[in-house]
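Heads up, the thing below is written out as structure tokens.
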Amino acid sequence: MAEDEPLYTTREERQVWSGLVTMAASALLYYAWLVPVLVRTPVAEISWVPPMFWSMLAGMVGTIVVAIVLEIVVAVRRPGDEEQGAIAVDVRDREIGRSGSRFATAVLGTGLGAVVILAAIGADHFWIGNAAFLCGLLATVAEAITKLRLYRRGF
Amino acid sequence: MAPKPTKVTNRIRALRAGAGNMTQADLARRLGVTRQTVIAIEQGRYSPSLELAFQIARIFQQPLDEVFRYDET
């Protein structure tokens, strides 16, 4: 086993990467559809629920597919890692996971506050639904970036 | 090179060499952690929990402060 090797990713870190990339990509696709429609159509007439649903579904399924593909690639390129397959998640992964979740909860809580305010002032369902979607997206991205920063820079 | 996020330094690499060239993978297996965690500890990118630090010291049969140092400067 080579010493002084670079800090390769763990399985947990790879899952964070796959989640971040696929969720961000699927959200970008949703906004790429939404923004042009929003410019020329009143919000009450926009059929936003199916595209948002498909975007979320694509993000979740994409995360799983990308994670599986990544593991296959790693298994082929770094066969030595298989020997530690029994230790998929360790104490460092759990500490990083807790830090990421704490940050995500703060973002989610703030965003949900905005959703409640929109509902309280009687905003259109479009704005309420999209605020909730954006809030979930921001929490997911914030959690992933926090975790990746801790994985790469240390703590 | 970015500054290390922890002031805790360690002699794990030297201790591994003194323990019959124990590999990072061997140590990781004995600790029940991933090899990446051992690498992160050695590189000063992760301060292990007290429990993990004691486990490392016990494996090398050294007092804790012979394995880990806290640099206050």
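The way I read the labels, and the way they are meant: chains A, B, ... in the order of the structure tokens, residue 1 as the first residue of every chain, and ligand 1 as the first ligand shown, with later ones counted on from there.
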ask   = What are the DSSP strand (DSSP E or B) residues of chain B, as a ChimeraX atom specification?
value = /B:8-10,68-70
Written selection (N, CA, C and O atoms) as a PDB file, in the first residue's frame:
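Final file, again-v3.pdb:
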```pdb
ATOM      1  N   VAL B   8      -3.064  20.283  16.622  1.00  0.00           N
ATOM      2  CA  VAL B   8      -2.643  18.977  17.142  1.00  0.00           C
ATOM      3  C   VAL B   8      -1.723  18.312  16.120  1.00  0.00           C
ATOM      4  O   VAL B   8      -2.099  18.137  14.967  1.00  0.00           O
ATOM      5  N   THR B   9      -0.524  18.002  16.543  1.00  0.00           N
ATOM      6  CA  THR B   9       0.394  17.267  15.664  1.00  0.00           C
ATOM      7  C   THR B   9       0.560  15.853  16.228  1.00  0.00           C
ATOM      8  O   THR B   9       0.162  15.584  17.375  1.00  0.00           O
ATOM      9  N   ASN B  10       1.126  14.984  15.417  1.00  0.00           N
ATOM     10  CA  ASN B  10       1.263  13.606  15.902  1.00  0.00           C
ATOM     11  C   ASN B  10       2.483  12.927  15.291  1.00  0.00           C
ATOM     12  O   ASN B  10       3.049  13.408  14.319  1.00  0.00           O
ATOM     13  N   PHE B  68       0.457  12.307  20.441  1.00  0.00           N
ATOM     14  CA  PHE B  68      -0.112  13.592  20.014  1.00  0.00           C
ATOM     15  C   PHE B  68       0.514  14.733  20.802  1.00  0.00           C
ATOM     16  O   PHE B  68       0.777  14.607  21.994  1.00  0.00           O
ATOM     17  N   ARG B  69       0.705  15.854  20.116  1.00  0.00           N
ATOM     18  CA  ARG B  69       1.208  17.080  20.744  1.00  0.00           C
ATOM     19  C   ARG B  69       0.276  18.214  20.392  1.00  0.00           C
ATOM     20  O   ARG B  69      -0.293  18.244  19.302  1.00  0.00           O
ATOM     21  N   TYR B  70       0.157  19.160  21.315  1.00  0.00           N
ATOM     22  CA  TYR B  70      -0.643  20.353  21.031  1.00  0.00           C
ATOM     23  C   TYR B  70       0.293  21.546  20.945  1.00  0.00           C
ATOM     24  O   TYR B  70       0.864  21.964  21.947  1.00  0.00           O
TER      25      TYR B  70
END
```
Just the residues within 7 Å of region 41-55 of chain B, please, counting only C-alpha atoms, with nothing from its chain fewer than 5 positions along; format it as a JSON list (two decimals) with N, CA, C and O atoms, in the first residue's frame.
```json
[["chain", "number", "residue", "atom", "x", "y", "z"],
["A", 153, "ARG", "N", -10.57, 20.26, 3.55],
["A", 153, "ARG", "CA", -9.69, 21.14, 4.34],
["A", 153, "ARG", "C", -9.41, 20.61, 5.72],
["A", 153, "ARG", "O", -8.46, 21.05, 6.38],
["A", 154, "GLY", "N", -10.27, 19.72, 6.18],
["A", 154, "GLY", "CA", -10.07, 19.17, 7.52],
["A", 154, "GLY", "C", -10.71, 20.01, 8.59],
["A", 154, "GLY", "O", -11.26, 21.07, 8.34],
["A", 155, "PHE", "N", -10.67, 19.50, 9.80],
["A", 155, "PHE", "CA", -11.28, 20.21, 10.92],
["A", 155, "PHE", "C", -10.70, 19.67, 12.24],
["A", 155, "PHE", "O", -10.07, 18.64, 12.27],
["B", 4, "LYS", "N", -2.78, 24.20, 8.29],
["B", 4, "LYS", "CA", -3.52, 23.05, 8.79],
["B", 4, "LYS", "C", -4.60, 23.53, 9.76],
["B", 4, "LYS", "O", -4.38, 24.46, 10.53],
["B", 5, "PRO", "N", -5.76, 22.91, 9.71],
["B", 5, "PRO", "CA", -6.87, 23.39, 10.52],
["B", 5, "PRO", "C", -6.76, 23.05, 12.00],
["B", 5, "PRO", "O", -7.56, 23.48, 12.79],
["B", 6, "THR", "N", -5.77, 22.26, 12.36],
["B", 6, "THR", "CA", -5.65, 21.86, 13.76],
["B", 6, "THR", "C", -4.23, 22.12, 14.27],
["B", 6, "THR", "O", -3.28, 22.07, 13.51],
["B", 8, "VAL", "N", -3.06, 20.28, 16.62],
["B", 8, "VAL", "CA", -2.64, 18.98, 17.14],
["B", 8, "VAL", "C", -1.72, 18.31, 16.12],
["B", 8, "VAL", "O", -2.10, 18.14, 14.97],
["B", 9, "THR", "N", -0.52, 18.00, 16.54],
["B", 9, "THR", "CA", 0.39, 17.27, 15.66],
["B", 9, "THR", "C", 0.56, 15.85, 16.23],
["B", 9, "THR", "O", 0.16, 15.58, 17.38],
["B", 10, "ASN", "N", 1.13, 14.98, 15.42],
["B", 10, "ASN", "CA", 1.26, 13.61, 15.90],
["B", 10, "ASN", "C", 2.48, 12.93, 15.29],
["B", 10, "ASN", "O", 3.05, 13.41, 14.32],
["B", 12, "ILE", "N", 2.38, 9.63, 14.40],
["B", 12, "ILE", "CA", 1.85, 8.33, 13.98],
["B", 12, "ILE", "C", 2.69, 7.71, 12.87],
["B", 12, "ILE", "O", 2.98, 6.51, 12.89],
["B", 13, "ARG", "N", 3.13, 8.54, 11.93],
["B", 13, "ARG", "CA", 3.93, 8.01, 10.82],
["B", 13, "ARG", "C", 5.20, 7.34, 11.35],
["B", 13, "ARG", "O", 5.55, 6.21, 10.95],
["B", 31, "LEU", "N", -8.18, 0.13, 13.89],
["B", 31, "LEU", "CA", -8.96, 1.18, 14.55],
["B", 31, "LEU", "C", -10.45, 1.11, 14.17],
["B", 31, "LEU", "O", -11.28, 1.74, 14.81],
["B", 64, "LEU", "N", -0.46, 8.85, 25.66],
["B", 64, "LEU", "CA", -1.15, 9.71, 24.69],
["B", 64, "LEU", "C", -0.29, 10.88, 24.22],
["B", 64, "LEU", "O", -0.24, 11.20, 23.03]]
```
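Our summary of the geometry notes that CA of Phe133 (chain A) is positioned 20.0 Å from CA of Ile64 (chain A).
Within 12 Å of Arg149 (chain A), once only C-alpha atoms are used and residues closer than 5 positions along the same chain are dropped, the contacting residues are Glu13, Val16, Trp17, Ile96, Gly97, Ser99, Gly100, Ala142, Glu143, Ala144, Gly154 and Phe155 of chain A; Pro5 and Arg45 of chain B.
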Separating CA of Val35 (chain A) from CA of Met60 (chain A), to the nearest tenth of an Å, is a gap of 22.4 Å
Which neighbours of Ile128 (chain A) fall inside 8 Å, counting only C-alpha atoms, when residues of the same chain fewer than 6 positions from it are skipped, and could you give them as a compact mmCIF listing (two decimals) with N, CA, C and O atoms, in the first residue's frame?
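The resulting selection-v7.txt:
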```
# COMPACT_ATOMS: atom_id res chain seq x y z
N VAL A 115 -41.43 30.61 3.61
CA VAL A 115 -42.60 29.94 3.04
C VAL A 115 -43.85 30.24 3.87
O VAL A 115 -44.93 30.54 3.34
N LEU A 118 -45.02 33.74 3.16
CA LEU A 118 -45.72 33.81 1.87
C LEU A 118 -47.15 33.27 1.99
O LEU A 118 -48.09 33.84 1.43
N ALA A 119 -47.29 32.16 2.72
CA ALA A 119 -48.63 31.59 2.92
C ALA A 119 -49.50 32.54 3.73
O ALA A 119 -50.69 32.72 3.44
```
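Neighbouring residues of region 58-62 of chain B at 8 Å or closer, counting only C-alpha atoms and skipping chain neighbours under 4 positions away, are Leu15, Arg16, Ala19, Phe54, Glu66 and Val67 of chain B.
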Just-selected residues, N, CA, C and O atoms written as a PDB file, in the first residue's frame:
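result14.pdb was written with the following content:
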```pdb
ATOM      1  N   LEU B  15       5.748   6.256  14.372  1.00  0.00           N
ATOM      2  CA  LEU B  15       5.395   5.089  15.186  1.00  0.00           C
ATOM      3  C   LEU B  15       5.037   3.890  14.305  1.00  0.00           C
ATOM      4  O   LEU B  15       5.348   2.742  14.639  1.00  0.00           O
ATOM      5  N   ARG B  16       4.392   4.164  13.182  1.00  0.00           N
ATOM      6  CA  ARG B  16       4.076   3.058  12.264  1.00  0.00           C
ATOM      7  C   ARG B  16       5.360   2.445  11.720  1.00  0.00           C
ATOM      8  O   ARG B  16       5.492   1.225  11.629  1.00  0.00           O
ATOM      9  N   ALA B  19       6.908   0.269  14.138  1.00  0.00           N
ATOM     10  CA  ALA B  19       6.129  -0.937  14.461  1.00  0.00           C
ATOM     11  C   ALA B  19       6.137  -1.895  13.269  1.00  0.00           C
ATOM     12  O   ALA B  19       5.098  -2.397  12.841  1.00  0.00           O
ATOM     13  N   PHE B  54      -6.958   7.653  22.094  1.00  0.00           N
ATOM     14  CA  PHE B  54      -6.528   6.640  23.067  1.00  0.00           C
ATOM     15  C   PHE B  54      -6.321   5.285  22.390  1.00  0.00           C
ATOM     16  O   PHE B  54      -5.385   4.550  22.721  1.00  0.00           O
ATOM     17  N   GLU B  66       2.803  11.066  23.962  1.00  0.00           N
ATOM     18  CA  GLU B  66       3.934  10.664  23.118  1.00  0.00           C
ATOM     19  C   GLU B  66       3.485  10.502  21.660  1.00  0.00           C
ATOM     20  O   GLU B  66       4.311  10.442  20.756  1.00  0.00           O
ATOM     21  N   VAL B  67       2.194  10.383  21.481  1.00  0.00           N
ATOM     22  CA  VAL B  67       1.653  10.224  20.120  1.00  0.00           C
ATOM     23  C   VAL B  67       1.162  11.569  19.582  1.00  0.00           C
ATOM     24  O   VAL B  67       1.438  11.935  18.448  1.00  0.00           O
TER      25      VAL B  67
END
```
Spatial neighbours of Leu28 (chain A), max dist 12 Å, only C-alpha atoms, sep filter under 3 positions, as a PyMOL selection string: chain A and resi 20-25+31-35+51-52+55-56+58-59+134+137
With N, CA and C atoms retained, write the just-selected residues as a compact mmCIF listing (two decimals), in the first residue's frame.
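Output contents, as saved in result19.txt:
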```txt
# COMPACT_ATOMS: atom_id res chain seq x y z
N LEU A 20 -24.69 16.35 -4.73
CA LEU A 20 -24.58 17.78 -5.05
C LEU A 20 -24.71 18.01 -6.56
N VAL A 21 -23.98 17.23 -7.32
CA VAL A 21 -23.96 17.44 -8.79
C VAL A 21 -25.33 17.15 -9.40
N THR A 22 -25.94 16.03 -9.02
CA THR A 22 -27.20 15.66 -9.67
C THR A 22 -28.36 16.54 -9.20
N MET A 23 -28.39 16.89 -7.91
CA MET A 23 -29.48 17.75 -7.44
C MET A 23 -29.36 19.14 -8.05
N ALA A 24 -28.12 19.65 -8.13
CA ALA A 24 -27.92 20.97 -8.74
C ALA A 24 -28.27 20.93 -10.23
N ALA A 25 -27.88 19.87 -10.91
CA ALA A 25 -28.17 19.76 -12.35
C ALA A 25 -29.67 19.68 -12.60
N TYR A 31 -35.10 25.31 -13.57
CA TYR A 31 -35.06 26.76 -13.73
C TYR A 31 -34.85 27.17 -15.19
N ALA A 32 -34.16 26.34 -15.95
CA ALA A 32 -33.99 26.63 -17.38
C ALA A 32 -35.34 26.59 -18.09
N TRP A 33 -36.24 25.73 -17.60
CA TRP A 33 -37.60 25.69 -18.16
C TRP A 33 -38.44 26.83 -17.59
N LEU A 34 -38.31 27.08 -16.28
CA LEU A 34 -39.21 28.00 -15.59
C LEU A 34 -39.00 29.47 -15.98
N VAL A 35 -37.76 29.90 -16.01
CA VAL A 35 -37.49 31.34 -16.18
C VAL A 35 -38.08 31.90 -17.48
N PRO A 51 -43.29 19.80 -13.77
CA PRO A 51 -41.83 19.96 -13.96
C PRO A 51 -41.05 19.92 -12.64
N MET A 52 -41.61 20.52 -11.59
CA MET A 52 -40.91 20.49 -10.30
C MET A 52 -40.82 19.05 -9.77
N SER A 55 -38.28 17.21 -11.74
CA SER A 55 -36.94 17.67 -11.38
C SER A 55 -36.47 17.01 -10.08
N MET A 56 -37.36 16.97 -9.09
CA MET A 56 -36.99 16.35 -7.80
C MET A 56 -36.74 14.86 -7.98
N ALA A 58 -35.86 13.32 -10.75
CA ALA A 58 -34.61 13.14 -11.51
C ALA A 58 -33.40 13.33 -10.60
N GLY A 59 -33.49 14.31 -9.70
CA GLY A 59 -32.39 14.55 -8.76
C GLY A 59 -32.14 13.35 -7.86
N LEU A 134 -36.90 26.04 -3.59
CA LEU A 134 -35.61 26.74 -3.50
C LEU A 134 -34.96 26.52 -2.13
N LEU A 137 -33.49 23.15 -2.03
CA LEU A 137 -32.29 23.12 -2.87
C LEU A 137 -31.12 23.79 -2.15
```
